[in-house]
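Have a look at the structure below before the remarks.
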Amino acid sequence: METILSVAIVGVGTNLGAREAAVVAAGHLLDARDDIDVTGASALHETKPLGPPQGDYLNAALRLETSLSPNDLLAVLLRTERRLGRTRSSDLRWGPRSVDLDLLWDERGAHESTGLSVPHPELPKRSFALGPLLEVAPELEPVYAQALAQAGGAPPRWGRTAIVRRDVFSGRVDVEVEADSMADACALSVRSAETFGRAWSTRHAVLGPSPEYFEEALRELLRSGFEVHCATISDCTQSQWIAQFHGRNCGVRSAANVRLQTTPGAHRAVRVRLSINPDPTGGAF
């Protein structure tokens with residue numbers, strides 16, 4: 001029986017921790033599923049928050065093709081939020097969050113069920129959702145272009161996207177990242193160029209707030225046989241980072257040499273260089 005795929009648009013927002021890494025990881029984790037294909041991603045937009053005083057948000061939209069029903073897709077989005085470090089039960093209304101994944105629109109039409117309304121009921125009033133949505137679904141301009149204009153137009157694009165250079169040769173991984181924050185640079189340094197099998201598991205960790213602790217966490221994961229696909233840091237304070245490492249338990253332990261160096265960036269605030277040289281007896285990153 002042929003699988004029927006439908007187009008859906010998901011909004012992504014974050015204003016805590018490694019913001020850019022959270023957007024990247026959300027798309028990576030959704031695309032790694034067998035029943036979801038991420039076919040497009042908007043630019044990042046930095047927007048002012050609604051609600052109480054808090055940091056600015058990064059917003060984006062993802063275009064998906066999926067065989068999941070709207071309710072099943074919502075369940076996946078909520079589970080992905082949890083993997084990325086969000087605990088909805090502790091959220092303040094309109095308060096800061098490590099990641100927010102909203103089902104904005106579905107080509108199958110309007111849907112109403114407990115906890116879910118599609119299209120999103122606030123969509124016509126929210127330029128931070130409408131602007132990215134129309135980037136990945138320009139066919140919806142006749143429906144939403146006027147609403148976007150009335151909401152003040154598309155928010156400005158974020159002009160400080162991280163620069164990532166990645167090289168893999170004979171099992172050795174060398175990554176250089178320039179980003180706005182140390183947390184983003186560290187998290188984006190372990191983003192895989194491709195998915196080596198489905199990202200089944202997430203390891204949560206509380207680290208000291210420095211690259212040295214992040215480096216040691218990566219080293220310990222490799223020693224335990226955990227293959228990292230991507231990472232994010234959902235909260236940063238002066239005393240700790242709350243990190244998430246996404247990947248799979250491959251069962252092959254590696255005594256890889258992991259080295260992470262930091263220097264001022266040429267184009268962004270900070271540069272991180274991550275080198276992983278696997279043990280020649282086995283194991284891979």
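Letters A, B, ... mark the chains of the structure tokens in the order given; residue numbers begin at 1 per chain; ligand numbers begin at 1, in order shown.
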For the contact check between region 94-154 of chain A and region 56-64 of chain A, emit one row per residue of region 94-154 of chain A within 8 Å, containing the shortest atom pair and the distance in Å rounded to one decimal, counting only C-alpha atoms, chain then rising number order, as a Markdown table.
| residue | atom | partner | partner_atom | distance |
| --- | --- | --- | --- | --- |
| A:Phe128 | CA | A:Asn59 | CA | 6.5 |
| A:Ala129 | CA | A:Asn59 | CA | 7.4 |
| A:Pro132 | CA | A:Ala61 | CA | 5.2 |
| A:Leu133 | CA | A:Ala61 | CA | 5.5 |
| A:Val136 | CA | A:Arg63 | CA | 6.0 |
| A:Ala137 | CA | A:Arg63 | CA | 7.4 |
Output C-alpha atoms for every residue in that selection, as a PDB file, in the first residue's frame.
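So out_34.pdb came out as:
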ATOM      1  CA  PHE A 128       7.322  35.971  13.651  1.00  0.00           C
ATOM      2  CA  ALA A 129       5.420  32.871  12.503  1.00  0.00           C
ATOM      3  CA  PRO A 132       9.100  32.253   8.072  1.00  0.00           C
ATOM      4  CA  LEU A 133       6.005  30.248   7.029  1.00  0.00           C
ATOM      5  CA  VAL A 136       8.921  27.806   3.008  1.00  0.00           C
ATOM      6  CA  ALA A 137       5.333  27.824   1.675  1.00  0.00           C
TER       7      ALA A 137
END
Legend entry - Spatial neighbours of region 198-208 of chain A, 7 Å, only C-alpha atoms, chain gap at least 3 places, as an NGL selection string: :A and (29 or 32-33 or 83 or 195 or 213-214 or 229 or 239-248)
Okay, now the selection with C-alpha atoms, as a PDB file, in the first residue's frame?
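Result file is again38.pdb:
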ATOM      1  CA  LEU A  29      15.765  15.178  14.839  1.00  0.00           C
ATOM      2  CA  ALA A  32      15.883  11.583  11.120  1.00  0.00           C
ATOM      3  CA  ARG A  33      12.467   9.953  11.538  1.00  0.00           C
ATOM      4  CA  ARG A  83      14.538  15.854  23.993  1.00  0.00           C
ATOM      5  CA  THR A 195      22.580  11.084   9.763  1.00  0.00           C
ATOM      6  CA  TYR A 213      33.568  20.323  30.312  1.00  0.00           C
ATOM      7  CA  PHE A 214      31.821  19.989  26.938  1.00  0.00           C
ATOM      8  CA  HIS A 229      24.505  13.098  15.782  1.00  0.00           C
ATOM      9  CA  SER A 239      27.527  27.959  37.086  1.00  0.00           C
ATOM     10  CA  GLN A 240      26.343  25.339  34.572  1.00  0.00           C
ATOM     11  CA  TRP A 241      25.230  24.330  31.089  1.00  0.00           C
ATOM     12  CA  ILE A 242      22.291  21.951  30.627  1.00  0.00           C
ATOM     13  CA  ALA A 243      23.234  19.967  27.534  1.00  0.00           C
ATOM     14  CA  GLN A 244      21.575  17.387  25.310  1.00  0.00           C
ATOM     15  CA  PHE A 245      23.476  14.971  23.065  1.00  0.00           C
ATOM     16  CA  HIS A 246      21.382  13.209  20.401  1.00  0.00           C
ATOM     17  CA  GLY A 247      22.450  10.021  18.683  1.00  0.00           C
ATOM     18  CA  ARG A 248      22.407   6.282  19.179  1.00  0.00           C
TER      19      ARG A 248
END
Legend entry - Separation of CA of Leu222 (chain A) from CA of Pro278 (chain A) in Å: 9.1 Å
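Among A:Ser224, A:Pro138, A:Leu50, A:Asp102, the residue with the shortest atom-to-atom distance to Gly115 (chain A), counting only C-alpha atoms, is A:Asp102.
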Legend entry - Of the listed residues A:Leu78, A:Ala145, A:Val272, A:Leu188, that which approaches Pro211 (chain A) most closely, counting only C-alpha atoms: A:Val272
Inset, instruction - Report as number ranges by chain: the residues of region 68-184 of chain A with a DSSP assignment of alpha helix (DSSP H), based on the backbone of this structure. - result: A: 70-83, 127-136, 141-150, 182-184
Inset, instruction - Write out as a PyMOL selection string each polymer residue whose atoms come within 8 Å of Ser275 (chain A), counting only C-alpha atoms; drop sequence neighbours fewer than 2 positions from it. - result: chain A and resi 172-175+257-260+273+277
Inset, instruction - Report as a PyMOL selection string: the residues of region 27-266 of chain A with a DSSP assignment of strand (DSSP E), based on the backbone of this structure. - result: chain A and resi 36-41+45-47+57-66+100-106+111-113+116-118+163-169+172-179+201-207+226-236+241-249+257-264
Residues from last step as file, C-alpha atoms, as a PDB file, in the first residue's frame:
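Full text of again-v1.pdb as output:
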ATOM      1  CA  ILE A  36       8.991  12.759   8.388  1.00  0.00           C
ATOM      2  CA  ASP A  37      11.064  14.386   5.667  1.00  0.00           C
ATOM      3  CA  VAL A  38      12.169  17.995   6.240  1.00  0.00           C
ATOM      4  CA  THR A  39      12.085  19.473   2.734  1.00  0.00           C
ATOM      5  CA  GLY A  40      12.692  23.125   3.541  1.00  0.00           C
ATOM      6  CA  ALA A  41      13.826  25.516   6.253  1.00  0.00           C
ATOM      7  CA  HIS A  45      14.672  35.737  12.300  1.00  0.00           C
ATOM      8  CA  GLU A  46      15.387  37.484  15.603  1.00  0.00           C
ATOM      9  CA  THR A  47      12.241  38.854  17.234  1.00  0.00           C
ATOM     10  CA  TYR A  57      13.859  34.881  20.180  1.00  0.00           C
ATOM     11  CA  LEU A  58      15.210  33.169  17.114  1.00  0.00           C
ATOM     12  CA  ASN A  59      12.314  32.031  14.920  1.00  0.00           C
ATOM     13  CA  ALA A  60      12.196  29.821  11.851  1.00  0.00           C
ATOM     14  CA  ALA A  61       9.816  27.520   9.980  1.00  0.00           C
ATOM     15  CA  LEU A  62      10.287  23.971   8.720  1.00  0.00           C
ATOM     16  CA  ARG A  63       8.434  22.465   5.774  1.00  0.00           C
ATOM     17  CA  LEU A  64       7.704  18.778   6.294  1.00  0.00           C
ATOM     18  CA  GLU A  65       6.340  15.912   4.250  1.00  0.00           C
ATOM     19  CA  THR A  66       4.834  13.392   6.626  1.00  0.00           C
ATOM     20  CA  ASP A 100       8.922  25.793  20.991  1.00  0.00           C
ATOM     21  CA  LEU A 101       7.592  23.640  18.122  1.00  0.00           C
ATOM     22  CA  ASP A 102       4.156  24.622  16.814  1.00  0.00           C
ATOM     23  CA  LEU A 103       2.155  22.961  14.039  1.00  0.00           C
ATOM     24  CA  LEU A 104       1.194  26.068  12.071  1.00  0.00           C
ATOM     25  CA  TRP A 105      -0.482  24.667   8.953  1.00  0.00           C
ATOM     26  CA  ASP A 106      -1.379  21.360   7.304  1.00  0.00           C
ATOM     27  CA  HIS A 111      -8.250  20.276  12.229  1.00  0.00           C
ATOM     28  CA  GLU A 112      -9.697  20.555  15.733  1.00  0.00           C
ATOM     29  CA  SER A 113      -9.018  18.182  18.594  1.00  0.00           C
ATOM     30  CA  LEU A 116      -4.621  21.115  18.798  1.00  0.00           C
ATOM     31  CA  SER A 117      -6.093  23.604  16.321  1.00  0.00           C
ATOM     32  CA  VAL A 118      -4.791  23.742  12.754  1.00  0.00           C
ATOM     33  CA  ILE A 163      29.810  29.565   9.980  1.00  0.00           C
ATOM     34  CA  VAL A 164      30.527  25.825  10.075  1.00  0.00           C
ATOM     35  CA  ARG A 165      33.357  24.088   8.239  1.00  0.00           C
ATOM     36  CA  ARG A 166      33.537  20.320   8.540  1.00  0.00           C
ATOM     37  CA  ASP A 167      36.046  17.805   7.168  1.00  0.00           C
ATOM     38  CA  VAL A 168      36.054  14.022   7.535  1.00  0.00           C
ATOM     39  CA  PHE A 169      39.013  11.949   6.381  1.00  0.00           C
ATOM     40  CA  ARG A 172      39.041  11.763  11.614  1.00  0.00           C
ATOM     41  CA  VAL A 173      36.576  14.615  12.139  1.00  0.00           C
ATOM     42  CA  ASP A 174      37.692  18.253  12.102  1.00  0.00           C
ATOM     43  CA  VAL A 175      35.119  20.983  12.595  1.00  0.00           C
ATOM     44  CA  GLU A 176      35.545  24.736  12.856  1.00  0.00           C
ATOM     45  CA  VAL A 177      32.586  26.851  13.982  1.00  0.00           C
ATOM     46  CA  GLU A 178      32.268  30.596  14.340  1.00  0.00           C
ATOM     47  CA  ALA A 179      29.164  31.654  16.277  1.00  0.00           C
ATOM     48  CA  SER A 201      18.463   8.389  21.997  1.00  0.00           C
ATOM     49  CA  THR A 202      19.168  11.580  23.886  1.00  0.00           C
ATOM     50  CA  ARG A 203      21.669  11.879  26.710  1.00  0.00           C
ATOM     51  CA  HIS A 204      21.018  14.797  29.065  1.00  0.00           C
ATOM     52  CA  ALA A 205      23.914  16.221  31.068  1.00  0.00           C
ATOM     53  CA  VAL A 206      24.629  19.070  33.459  1.00  0.00           C
ATOM     54  CA  LEU A 207      28.081  20.457  32.697  1.00  0.00           C
ATOM     55  CA  PHE A 226      27.278   6.502  22.103  1.00  0.00           C
ATOM     56  CA  GLU A 227      27.455   7.950  18.587  1.00  0.00           C
ATOM     57  CA  VAL A 228      26.535  11.644  18.654  1.00  0.00           C
ATOM     58  CA  HIS A 229      24.505  13.098  15.782  1.00  0.00           C
ATOM     59  CA  CYS A 230      23.933  16.596  17.125  1.00  0.00           C
ATOM     60  CA  ALA A 231      23.892  18.552  20.368  1.00  0.00           C
ATOM     61  CA  THR A 232      22.318  21.571  21.971  1.00  0.00           C
ATOM     62  CA  ILE A 233      22.483  23.428  25.255  1.00  0.00           C
ATOM     63  CA  SER A 234      19.053  24.340  26.573  1.00  0.00           C
ATOM     64  CA  ASP A 235      20.141  26.687  29.340  1.00  0.00           C
ATOM     65  CA  CYS A 236      23.317  28.535  30.260  1.00  0.00           C
ATOM     66  CA  TRP A 241      25.230  24.330  31.089  1.00  0.00           C
ATOM     67  CA  ILE A 242      22.291  21.951  30.627  1.00  0.00           C
ATOM     68  CA  ALA A 243      23.234  19.967  27.534  1.00  0.00           C
ATOM     69  CA  GLN A 244      21.575  17.387  25.310  1.00  0.00           C
ATOM     70  CA  PHE A 245      23.476  14.971  23.065  1.00  0.00           C
ATOM     71  CA  HIS A 246      21.382  13.209  20.401  1.00  0.00           C
ATOM     72  CA  GLY A 247      22.450  10.021  18.683  1.00  0.00           C
ATOM     73  CA  ARG A 248      22.407   6.282  19.179  1.00  0.00           C
ATOM     74  CA  ASN A 249      23.978   3.582  21.284  1.00  0.00           C
ATOM     75  CA  ASN A 257      41.252  11.585  21.079  1.00  0.00           C
ATOM     76  CA  VAL A 258      38.860  14.544  21.476  1.00  0.00           C
ATOM     77  CA  ARG A 259      40.266  18.066  21.440  1.00  0.00           C
ATOM     78  CA  LEU A 260      38.277  21.315  21.489  1.00  0.00           C
ATOM     79  CA  GLN A 261      40.069  24.662  21.148  1.00  0.00           C
ATOM     80  CA  THR A 262      38.581  28.153  21.399  1.00  0.00           C
ATOM     81  CA  THR A 263      39.846  31.418  19.937  1.00  0.00           C
ATOM     82  CA  PRO A 264      38.276  34.766  18.993  1.00  0.00           C
TER      83      PRO A 264
END
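If you look at CA of Thr114 (chain A) and CA of Ser67 (chain A), they are 20.4 Å away from each other.
Taking CA of Pro142 (chain A) as the reference point, CA of Val10 (chain A) is found at 19.2 Å.
For the residues A:Val23, A:Leu130, A:Ala269, A:Leu84, ranking by smallest atom-to-atom distance to Gly152 (chain A) using only C-alpha atoms places A:Leu130 first.
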